[in-house]
>>> print(open('entry-v2.cif').read())   # mmCIF, C-alpha atoms and all ligand atoms
data_final
#
loop_
_atom_site.label_atom_id
_atom_site.label_comp_id
_atom_site.auth_asym_id
_atom_site.auth_seq_id
_atom_site.Cartn_x
_atom_site.Cartn_y
_atom_site.Cartn_z
CA MET A 1 119.36 70.53 -99.16
CA ASN A 2 116.39 70.44 -96.75
CA GLU A 3 115.79 67.58 -94.33
CA THR A 4 118.90 65.66 -95.27
CA LYS A 5 121.85 64.35 -93.30
CA LYS A 6 124.48 66.75 -92.08
CA MET A 7 127.24 67.27 -94.66
CA ASN A 8 130.20 64.96 -94.61
CA GLN A 9 133.12 64.85 -97.05
CA THR A 10 131.40 62.49 -99.50
CA LEU A 11 128.14 64.46 -99.50
CA GLU A 12 130.07 67.66 -100.02
CA ILE A 13 131.81 66.23 -103.09
CA ILE A 14 128.46 65.15 -104.54
CA GLU A 15 126.83 68.48 -103.67
CA LYS A 16 129.55 70.67 -105.15
CA ARG A 17 130.25 68.74 -108.34
CA ARG A 18 129.43 70.58 -111.52
CA THR A 19 130.33 69.74 -115.09
CA ILE A 20 133.71 71.17 -116.08
CA ARG A 21 134.31 71.93 -119.76
CA ALA A 22 137.42 74.15 -119.55
CA TYR A 23 140.56 72.44 -118.32
CA ASN A 24 143.93 73.43 -117.03
CA PRO A 25 146.23 71.87 -119.68
CA THR A 26 148.46 70.16 -117.08
CA PRO A 27 148.36 66.42 -117.78
CA LEU A 28 147.05 64.16 -115.04
CA THR A 29 149.71 62.01 -113.38
CA PRO A 30 149.72 58.22 -113.90
CA GLU A 31 148.85 57.93 -110.20
CA GLU A 32 145.79 60.17 -110.63
CA ILE A 33 144.67 58.25 -113.72
CA ASN A 34 145.13 54.91 -111.95
CA THR A 35 143.12 56.17 -108.99
CA ILE A 36 140.25 57.20 -111.31
CA ILE A 37 140.30 53.84 -113.13
CA HIS A 38 140.49 51.97 -109.85
CA GLY A 39 137.50 53.97 -108.54
CA ALA A 40 135.56 53.06 -111.70
CA MET A 41 136.37 49.39 -111.27
CA ARG A 42 135.20 49.36 -107.64
CA ALA A 43 131.68 50.28 -108.81
CA PRO A 44 128.91 47.70 -108.38
CA THR A 45 128.64 45.45 -111.42
CA ALA A 46 125.91 42.96 -112.32
CA GLY A 47 126.91 39.53 -111.02
CA ASN A 48 130.49 40.84 -110.66
CA MET A 49 130.79 40.16 -114.40
CA MET A 50 132.16 43.61 -115.35
CA PHE A 51 130.25 43.94 -118.60
CA TYR A 52 132.26 47.00 -119.57
CA SER A 53 135.64 48.13 -120.79
CA ILE A 54 137.28 51.53 -120.64
CA ILE A 55 139.36 53.00 -123.46
CA GLN A 56 141.74 55.79 -122.45
CA VAL A 57 142.26 58.01 -125.48
CA ASN A 58 145.84 59.32 -125.37
CA ASP A 59 146.39 60.02 -129.07
CA GLN A 60 145.84 63.74 -129.70
CA LYS A 61 144.71 63.08 -133.29
CA MET A 62 142.02 60.76 -131.97
CA LYS A 63 140.89 63.38 -129.44
CA ASP A 64 140.75 65.94 -132.25
CA LYS A 65 138.61 63.58 -134.29
CA LEU A 66 136.30 62.84 -131.35
CA ALA A 67 135.79 66.58 -130.92
CA LEU A 68 134.29 66.53 -134.42
CA THR A 69 132.46 63.21 -134.40
CA CYS A 70 130.83 63.95 -131.02
CA ASP A 71 128.77 66.88 -132.26
CA ASN A 72 131.62 69.37 -132.69
CA GLN A 73 132.66 69.93 -129.09
CA PRO A 74 136.18 71.45 -129.14
CA HIS A 75 136.63 71.05 -125.37
CA ILE A 76 137.01 67.27 -125.92
CA ALA A 77 140.30 67.84 -127.78
CA LYS A 78 141.64 69.90 -124.89
CA ALA A 79 140.81 67.44 -122.11
CA PRO A 80 143.91 66.00 -120.40
CA LEU A 81 142.13 62.66 -119.89
CA VAL A 82 139.44 61.16 -122.11
CA LEU A 83 137.83 57.85 -121.15
CA ILE A 84 135.30 55.97 -123.26
CA PHE A 85 133.06 53.61 -121.31
CA LEU A 86 132.02 50.65 -123.41
CA ALA A 87 129.12 48.33 -122.72
CA ASP A 88 131.02 45.10 -123.35
CA VAL A 89 129.53 41.63 -123.62
CA GLN A 90 132.18 40.61 -126.15
CA ARG A 91 134.77 39.66 -123.52
CA TRP A 92 132.41 37.20 -121.84
CA TRP A 93 131.10 35.94 -125.18
CA ASP A 94 134.65 35.20 -126.39
CA TYR A 95 135.33 33.35 -123.16
CA LEU A 96 132.11 31.32 -123.56
CA GLN A 97 133.21 30.33 -127.05
CA LEU A 98 136.62 29.30 -125.75
CA SER A 99 134.85 27.34 -123.03
CA MET A 100 132.96 25.47 -125.78
CA VAL A 101 129.53 26.54 -124.55
CA PRO A 102 128.13 26.26 -128.13
CA ASP A 103 129.34 22.64 -128.27
CA LEU A 104 127.68 21.79 -124.98
CA CYS A 105 124.40 23.41 -126.10
CA GLU A 106 124.47 21.37 -129.30
CA GLU A 107 125.28 18.19 -127.40
CA ARG A 108 122.30 18.80 -125.13
CA GLY A 109 119.96 19.91 -127.94
CA ILE A 110 119.55 23.41 -126.46
CA ASP A 111 119.39 26.64 -128.50
CA LEU A 112 122.45 28.81 -128.05
CA GLU A 113 121.40 32.21 -126.61
CA THR A 114 123.36 35.06 -128.15
CA PRO A 115 123.42 38.53 -126.52
CA GLN A 116 120.18 40.48 -127.02
CA GLU A 117 118.67 43.83 -126.00
CA SER A 118 118.56 43.00 -122.29
CA ASP A 119 122.27 42.15 -122.29
CA LEU A 120 123.01 45.46 -123.98
CA LEU A 121 121.00 47.37 -121.36
CA MET A 122 122.63 45.47 -118.51
CA ALA A 123 126.09 46.16 -119.93
CA CYS A 124 125.14 49.85 -120.30
CA CYS A 125 124.12 49.88 -116.62
CA ASP A 126 127.51 48.45 -115.66
CA ALA A 127 129.44 50.89 -117.85
CA LEU A 128 127.51 53.96 -116.67
CA ILE A 129 127.78 53.06 -113.01
CA ALA A 130 131.55 52.62 -113.46
CA ALA A 131 131.69 55.99 -115.25
CA GLN A 132 129.93 57.77 -112.42
CA ASN A 133 132.30 56.19 -109.88
CA ALA A 134 135.16 57.56 -112.01
CA VAL A 135 133.54 61.01 -111.96
CA ILE A 136 133.17 61.02 -108.18
CA THR A 137 136.67 59.62 -107.66
CA ALA A 138 138.08 62.39 -109.87
CA GLU A 139 136.01 65.01 -108.08
CA SER A 140 137.46 63.86 -104.74
CA LEU A 141 140.93 64.61 -106.17
CA GLY A 142 139.83 68.07 -107.35
CA ILE A 143 139.68 66.88 -110.97
CA GLY A 144 136.64 68.02 -112.95
CA SER A 145 134.75 66.06 -115.56
CA CYS A 146 132.24 66.24 -118.39
CA TYR A 147 130.14 63.42 -119.81
CA ILE A 148 129.92 63.26 -123.59
CA GLY A 149 126.73 61.46 -124.59
CA ASP A 150 127.45 62.17 -128.25
CA ILE A 151 129.92 59.27 -128.33
CA MET A 152 126.79 57.25 -129.26
CA GLU A 153 126.73 59.08 -132.59
CA ASN A 154 128.65 58.04 -135.70
CA ILE A 155 128.87 54.40 -134.67
CA GLU A 156 130.55 53.39 -137.93
CA ILE A 157 133.41 55.88 -137.40
CA HIS A 158 133.87 55.03 -133.71
CA ARG A 159 133.86 51.29 -134.40
CA GLU A 160 136.64 51.75 -136.90
CA MET A 161 138.63 54.19 -134.78
CA PHE A 162 138.66 51.94 -131.73
CA ASN A 163 138.36 48.51 -133.31
CA LEU A 164 135.05 47.74 -131.62
CA PRO A 165 133.62 44.27 -132.19
CA LYS A 166 129.94 43.34 -132.47
CA TRP A 167 129.06 43.15 -128.78
CA VAL A 168 130.78 46.33 -127.67
CA PHE A 169 128.91 49.62 -127.61
CA PRO A 170 130.31 53.03 -126.55
CA ILE A 171 127.59 54.14 -124.15
CA THR A 172 129.39 57.21 -122.80
CA MET A 173 132.61 59.17 -122.79
CA VAL A 174 133.96 61.31 -119.97
CA CYS A 175 136.53 64.12 -120.25
CA PHE A 176 138.61 64.87 -117.14
CA GLY A 177 141.00 67.61 -116.12
CA TYR A 178 141.74 70.13 -113.42
CA PRO A 179 139.34 73.05 -113.87
CA LYS A 180 140.71 76.12 -115.58
CA GLY A 181 140.20 78.96 -113.08
CA ASP A 182 137.98 78.86 -110.04
CA LYS A 183 135.34 76.17 -110.51
CA GLU A 184 133.28 77.65 -107.68
CA LYS A 185 132.52 80.51 -110.05
CA ILE A 186 130.57 78.12 -112.29
CA PRO A 187 127.08 78.23 -110.75
CA LEU A 188 125.63 74.92 -109.63
CA LYS A 189 122.73 74.05 -111.90
CA GLU A 190 119.42 73.79 -110.15
CA ARG A 191 117.40 70.60 -110.29
CA PHE A 192 113.63 70.23 -110.47
CA PRO A 193 111.85 70.15 -107.10
CA LYS A 194 112.13 66.74 -105.48
CA LYS A 195 108.39 66.07 -105.47
CA PHE A 196 108.41 65.83 -109.28
CA ILE A 197 111.24 63.33 -109.31
CA HIS A 198 110.87 61.21 -106.19
CA PHE A 199 107.62 59.24 -105.91
CA ILE A 200 106.41 56.84 -103.25
CA ASP A 201 104.88 53.53 -104.32
CA ASN A 202 103.39 54.83 -107.58
CA TYR A 203 104.44 56.72 -110.66
CA ASN A 204 102.91 60.21 -110.73
CA ARG A 205 102.11 61.52 -114.18
CA LEU A 206 102.32 65.31 -114.16
CA ASN A 207 99.56 67.70 -115.26
CA LYS A 208 99.74 71.26 -116.58
CA GLU A 209 99.77 72.84 -113.11
CA ASP A 210 102.54 70.49 -112.02
CA PHE A 211 104.66 71.52 -115.01
CA THR A 212 104.08 75.20 -114.28
CA GLU A 213 105.27 74.62 -110.73
CA MET A 214 108.13 72.37 -111.84
CA PHE A 215 109.57 75.01 -114.16
CA HIS A 216 108.91 77.90 -111.78
CA ASN A 217 112.34 79.24 -110.79
CA VAL A 218 114.10 77.37 -113.55
CA ASN A 219 116.28 79.77 -115.45
CA ARG A 220 117.16 78.47 -118.86
CA ASP A 221 118.45 80.46 -121.77
CA PHE A 222 116.20 80.81 -124.76
CA ASN A 223 118.58 80.57 -127.66
CA ILE A 224 116.13 79.40 -130.29
CA LYS A 225 114.57 82.48 -131.79
CA PHE A 226 111.21 81.07 -132.76
CA ALA A 227 110.61 79.15 -129.52
CA LYS A 228 107.76 80.65 -127.50
CA ASN A 229 108.17 78.55 -124.42
CA LEU A 230 110.52 76.11 -122.70
CA GLY A 231 108.87 73.04 -124.22
CA GLN A 232 109.39 74.33 -127.76
CA GLN A 233 112.90 75.41 -126.86
CA PHE A 234 113.66 71.93 -125.47
CA TYR A 235 112.25 70.15 -128.51
CA PHE A 236 114.15 72.18 -131.09
CA GLY A 237 117.32 72.40 -128.98
CA LYS A 238 117.46 68.74 -127.94
CA LEU A 239 115.01 66.05 -129.13
CA GLY A 240 114.42 67.52 -132.57
CA ALA A 241 117.99 68.78 -133.08
CA ASP A 242 120.39 67.36 -135.64
CA PHE A 243 122.63 65.71 -133.03
CA SER A 244 119.63 63.79 -131.65
CA LYS A 245 118.68 62.66 -135.15
CA GLU A 246 122.24 61.44 -135.68
CA MET A 247 122.24 59.66 -132.33
CA ARG A 248 118.97 57.94 -133.19
CA ARG A 249 120.33 56.77 -136.54
CA SER A 250 123.59 55.57 -135.03
CA VAL A 251 122.05 53.74 -132.05
CA LYS A 252 119.47 52.04 -134.30
CA ILE A 253 122.32 50.52 -136.30
CA ALA A 254 124.21 49.52 -133.16
CA ILE A 255 121.15 47.75 -131.72
CA LYS A 256 120.27 46.08 -135.02
CA ASP A 257 123.81 44.69 -135.30
CA TRP A 258 123.91 43.73 -131.62
CA ILE A 259 120.73 41.63 -131.75
CA ALA A 260 121.51 39.98 -135.09
CA LYS A 261 121.92 36.26 -134.38
CA ASN A 262 124.83 35.64 -136.69
CA GLY A 263 127.83 37.26 -138.20
CA ASP A 264 130.55 39.59 -137.07
CA LEU A 265 130.64 43.24 -138.05
C1 LIG B 301 124.50 61.13 -120.22
C2 LIG B 301 125.06 62.54 -120.26
C3 LIG B 301 125.49 63.07 -121.45
C4 LIG B 301 126.05 64.34 -121.48
N1 LIG B 301 126.58 64.81 -122.66
C5 LIG B 301 127.20 66.00 -122.68
C6 LIG B 301 127.86 66.43 -123.86
O1 LIG B 301 127.89 65.76 -124.90
N2 LIG B 301 128.50 67.62 -123.83
C7 LIG B 301 128.54 68.40 -122.70
O2 LIG B 301 129.15 69.47 -122.74
N3 LIG B 301 127.90 68.02 -121.55
C8 LIG B 301 127.26 66.83 -121.52
N4 LIG B 301 126.68 66.39 -120.35
C9 LIG B 301 126.72 67.23 -119.14
C10 LIG B 301 125.34 67.83 -118.84
O3 LIG B 301 125.08 68.85 -119.76
C11 LIG B 301 125.33 68.35 -117.39
O4 LIG B 301 125.51 67.27 -116.52
C12 LIG B 301 124.01 69.05 -117.08
O5 LIG B 301 123.88 70.24 -117.80
C13 LIG B 301 123.89 69.38 -115.59
O6 LIG B 301 124.97 70.19 -115.18
P1 LIG B 301 125.92 69.76 -113.99
O7 LIG B 301 126.57 68.46 -114.33
O8 LIG B 301 126.95 70.87 -113.88
O9 LIG B 301 125.09 69.65 -112.76
C14 LIG B 301 126.11 65.13 -120.31
C15 LIG B 301 125.66 64.57 -119.10
C16 LIG B 301 125.16 63.29 -119.07
C17 LIG B 301 124.72 62.71 -117.75
#
>>> encode(input="entry-v2.cif", output="structure tokens")
Amino acid sequence: MNETKKMNQTLEIIEKRRTIRAYNPTPLTPEEINTIIHGAMRAPTAGNMMFYSIIQVNDQKMKDKLALTCDNQPHIAKAPLVLIFLADVQRWWDYLQLSMVPDLCEERGIDLETPQESDLLMACCDALIAAQNAVITAESLGIGSCYIGDIMENIEIHREMFNLPKWVFPITMVCFGYPKGDKEKIPLKERFPKKFIHFIDNYNRLNKEDFTEMFHNVNRDFNIKFAKNLGQQFYFGKLGADFSKEMRRSVKIAIKDWIAKNGDL
């Protein structure tokens, strides 16, 4: 950390956080869980509307199933606390119905606006910001965490498992637990140099030399045999991989259903 403020407790927590995937099996106490949820709920939220909900998955069978439906990640089943962060416009929409907003629109000859893409993105912002507050709150208690982006896959299964209505989308899941062993032994993962991430006034599109510099010093395992360079490795390991194809399929359905004007799921 060059040219930054002197460390304080908060900065130290941010600096030393790393993703934890192996947990001490000790359950978290209700007090610890409440503190994490409270931290999540203190996050900024658009218009103080709280366009998100959080499902705490206690049922071991459900955790076992999530370990399969979220791209076969067994560590999910072993996490003492699993929270799903839902982008949720349904709660407000139900309240608007109860408040007879559709009637008033009709009375005034105005089209009723149903939730669309922008509402989904705004709700995702709310849910993700709450999730990161939960992560930092947990970290301050010594509790580790791991995001699970793959909760966006298999939308049909997750809808059924958790009874999700039309305007609720599981944007992320986070596993929590005390780290198994000494977390300091897990190396902090390096980030790209700041100049490739932080721009002033204008977006900087990178050229070949920039990329060479950006990846200089980046140690990443090559575990795809036919990949000749990091770009090929990244494509076949991430964007072109089966889990990404499944996520694309699943999210396409979720968005199509979300923006449909009429009908429940
Ligand atoms: C949106 C998002 C989705 C992620 N999904 C997964 C996941 O499904 N499984 C997993 O083991 N880690 C997942 N991670 C954790 C990242 O792999 C991890 O943050 C990254 O490698 C950087 O490591 P660090 O958090 O230790 O700095 C996810 C992180 C984010 C932010």
>>> closest_residue(input="entry-v2.cif", among="A:Phe215, A:Gly149, A:Ala123, A:Thr114", to="Cys175 of chain A", atoms="all atoms listed in the file")
A:Gly149
>>> closest_residue(input="entry-v2.cif", among="A:Lys228, A:His158, A:Lys189, A:Lys65", to="ligand LIG 301 (chain B)", atoms="all atoms listed in the file")
A:Lys189
>>> residues_around(input="entry-v2.cif", residues="Asp71 of chain A", least_positions_apart="6", cutoff="10 Å", atoms="only C-alpha atoms", output="tab-separated table (two decimals) with C-alpha atoms, in the coordinates of the input")
chain	number	residue	atom	x	y	z
A	148	ILE	CA	129.92	63.26	-123.59
A	149	GLY	CA	126.73	61.46	-124.59
A	150	ASP	CA	127.45	62.17	-128.25
A	151	ILE	CA	129.92	59.27	-128.33
A	153	GLU	CA	126.73	59.08	-132.59
A	154	ASN	CA	128.65	58.04	-135.70
A	242	ASP	CA	120.39	67.36	-135.64
A	243	PHE	CA	122.63	65.71	-133.03
A	244	SER	CA	119.63	63.79	-131.65
A	246	GLU	CA	122.24	61.44	-135.68
A	247	MET	CA	122.24	59.66	-132.33
>>> closest_residue(input="entry-v2.cif", among="A:Met122, A:Met7, A:Leu128, A:Leu265", to="ligand LIG 301 (chain B)", atoms="all atoms listed in the file")
A:Leu128
>>> residues_near_ligand(input="entry-v2.cif", ligand="ligand LIG 301 (chain B)", cutoff="9 Å", atoms="only C-alpha atoms and all ligand atoms", output="number ranges by chain")
A: 16-21, 70-71, 73, 75-76, 128, 132, 145-151, 171-174, 186-191
>>> write_last_selection(input="entry-v2.cif", atoms="C-alpha atoms", output="PDB file, in the frame of the given file")
ATOM      1  CA  LYS A  16     129.550  70.670-105.150  1.00  0.00           C
ATOM      2  CA  ARG A  17     130.250  68.740-108.340  1.00  0.00           C
ATOM      3  CA  ARG A  18     129.430  70.580-111.520  1.00  0.00           C
ATOM      4  CA  THR A  19     130.330  69.740-115.090  1.00  0.00           C
ATOM      5  CA  ILE A  20     133.710  71.170-116.080  1.00  0.00           C
ATOM      6  CA  ARG A  21     134.310  71.930-119.760  1.00  0.00           C
ATOM      7  CA  CYS A  70     130.830  63.950-131.020  1.00  0.00           C
ATOM      8  CA  ASP A  71     128.770  66.880-132.260  1.00  0.00           C
ATOM      9  CA  GLN A  73     132.660  69.930-129.090  1.00  0.00           C
ATOM     10  CA  HIS A  75     136.630  71.050-125.370  1.00  0.00           C
ATOM     11  CA  ILE A  76     137.010  67.270-125.920  1.00  0.00           C
ATOM     12  CA  LEU A 128     127.510  53.960-116.670  1.00  0.00           C
ATOM     13  CA  GLN A 132     129.930  57.770-112.420  1.00  0.00           C
ATOM     14  CA  SER A 145     134.750  66.060-115.560  1.00  0.00           C
ATOM     15  CA  CYS A 146     132.240  66.240-118.390  1.00  0.00           C
ATOM     16  CA  TYR A 147     130.140  63.420-119.810  1.00  0.00           C
ATOM     17  CA  ILE A 148     129.920  63.260-123.590  1.00  0.00           C
ATOM     18  CA  GLY A 149     126.730  61.460-124.590  1.00  0.00           C
ATOM     19  CA  ASP A 150     127.450  62.170-128.250  1.00  0.00           C
ATOM     20  CA  ILE A 151     129.920  59.270-128.330  1.00  0.00           C
ATOM     21  CA  ILE A 171     127.590  54.140-124.150  1.00  0.00           C
ATOM     22  CA  THR A 172     129.390  57.210-122.800  1.00  0.00           C
ATOM     23  CA  MET A 173     132.610  59.170-122.790  1.00  0.00           C
ATOM     24  CA  VAL A 174     133.960  61.310-119.970  1.00  0.00           C
ATOM     25  CA  ILE A 186     130.570  78.120-112.290  1.00  0.00           C
ATOM     26  CA  PRO A 187     127.080  78.230-110.750  1.00  0.00           C
ATOM     27  CA  LEU A 188     125.630  74.920-109.630  1.00  0.00           C
ATOM     28  CA  LYS A 189     122.730  74.050-111.900  1.00  0.00           C
ATOM     29  CA  GLU A 190     119.420  73.790-110.150  1.00  0.00           C
ATOM     30  CA  ARG A 191     117.400  70.600-110.290  1.00  0.00           C
TER      31      ARG A 191
END
>>> closest_residue(input="entry-v2.cif", among="A:Gln232, A:Ser140, A:Thr212, A:Gln116", to="Asp257 of chain A", atoms="only C-alpha atoms")
A:Gln116
>>> atom_distance(input="entry-v2.cif", atom1="atom CA of Tyr235 of chain A", atom2="atom CA of Ser250 of chain A")
19.6 Å
>>> residues_around(input="entry-v2.cif", residues="Thr45 of chain A", least_positions_apart="4", cutoff="9 Å", atoms="all atoms listed in the file", output="PyMOL selection string")
chain A and resi 41+49-51+123+125-127+129-130
>>> axis_aligned_box(input="entry-v2.cif", around="segment 71-79 of chain A", padding_each_side="3 Å", output="lines of an AutoDock Vina configuration file")
center_x = 135.2
center_y = 69.2
center_z = -127.4
size_x = 18.9
size_y = 10.6
size_z = 16.6
>>> atom_distance(input="entry-v2.cif", atom1="atom CA of Ile55 of chain A", atom2="atom CA of Leu86 of chain A")
7.7 Å
>>> atom_distance(input="entry-v2.cif", atom1="atom CA of Glu31 of chain A", atom2="atom CA of Leu141 of chain A")
11.1 Å
>>> residues_around(input="entry-v2.cif", residues="Leu120 of chain A", least_positions_apart="4", cutoff="9 Å", atoms="only C-alpha atoms", output="compact mmCIF listing (two decimals) with C-alpha atoms, keeping the file's coordinate frame")
# COMPACT_ATOMS: atom_id res chain seq x y z
CA ALA A 87 129.12 48.33 -122.72
CA ASP A 88 131.02 45.10 -123.35
CA VAL A 89 129.53 41.63 -123.62
CA PRO A 115 123.42 38.53 -126.52
CA GLN A 116 120.18 40.48 -127.02
CA CYS A 124 125.14 49.85 -120.30
CA CYS A 125 124.12 49.88 -116.62
CA TRP A 167 129.06 43.15 -128.78
CA VAL A 168 130.78 46.33 -127.67
CA PHE A 169 128.91 49.62 -127.61
CA ILE A 255 121.15 47.75 -131.72
CA TRP A 258 123.91 43.73 -131.62
CA ILE A 259 120.73 41.63 -131.75
>>> residues_around(input="entry-v2.cif", residues="Ile224 of chain A", least_positions_apart="3", cutoff="9 Å", atoms="all atoms listed in the file", output="list in words")
Asp221, Ala227, Lys228, Gln232, Gln233, Phe236 and Gly237 of chain A
>>> closest_residue(input="entry-v2.cif", among="A:Met214, A:Leu164, A:Ala77, A:Ala241", to="Gln90 of chain A", atoms="all atoms listed in the file")
A:Leu164
>>> closest_residue(input="entry-v2.cif", among="A:Lys225, A:His198, A:Lys61, A:Lys261", to="Glu117 of chain A", atoms="all atoms listed in the file")
A:Lys261
>>> residues_around(input="entry-v2.cif", residues="Ala131 of chain A", least_positions_apart="4", cutoff="7 Å", atoms="only C-alpha atoms", output="compact mmCIF listing (two decimals) with C-alpha atoms, keeping the file's coordinate frame")
# COMPACT_ATOMS: atom_id res chain seq x y z
CA ALA A 40 135.56 53.06 -111.70
CA PHE A 85 133.06 53.61 -121.31
CA ALA A 127 129.44 50.89 -117.85
CA VAL A 135 133.54 61.01 -111.96
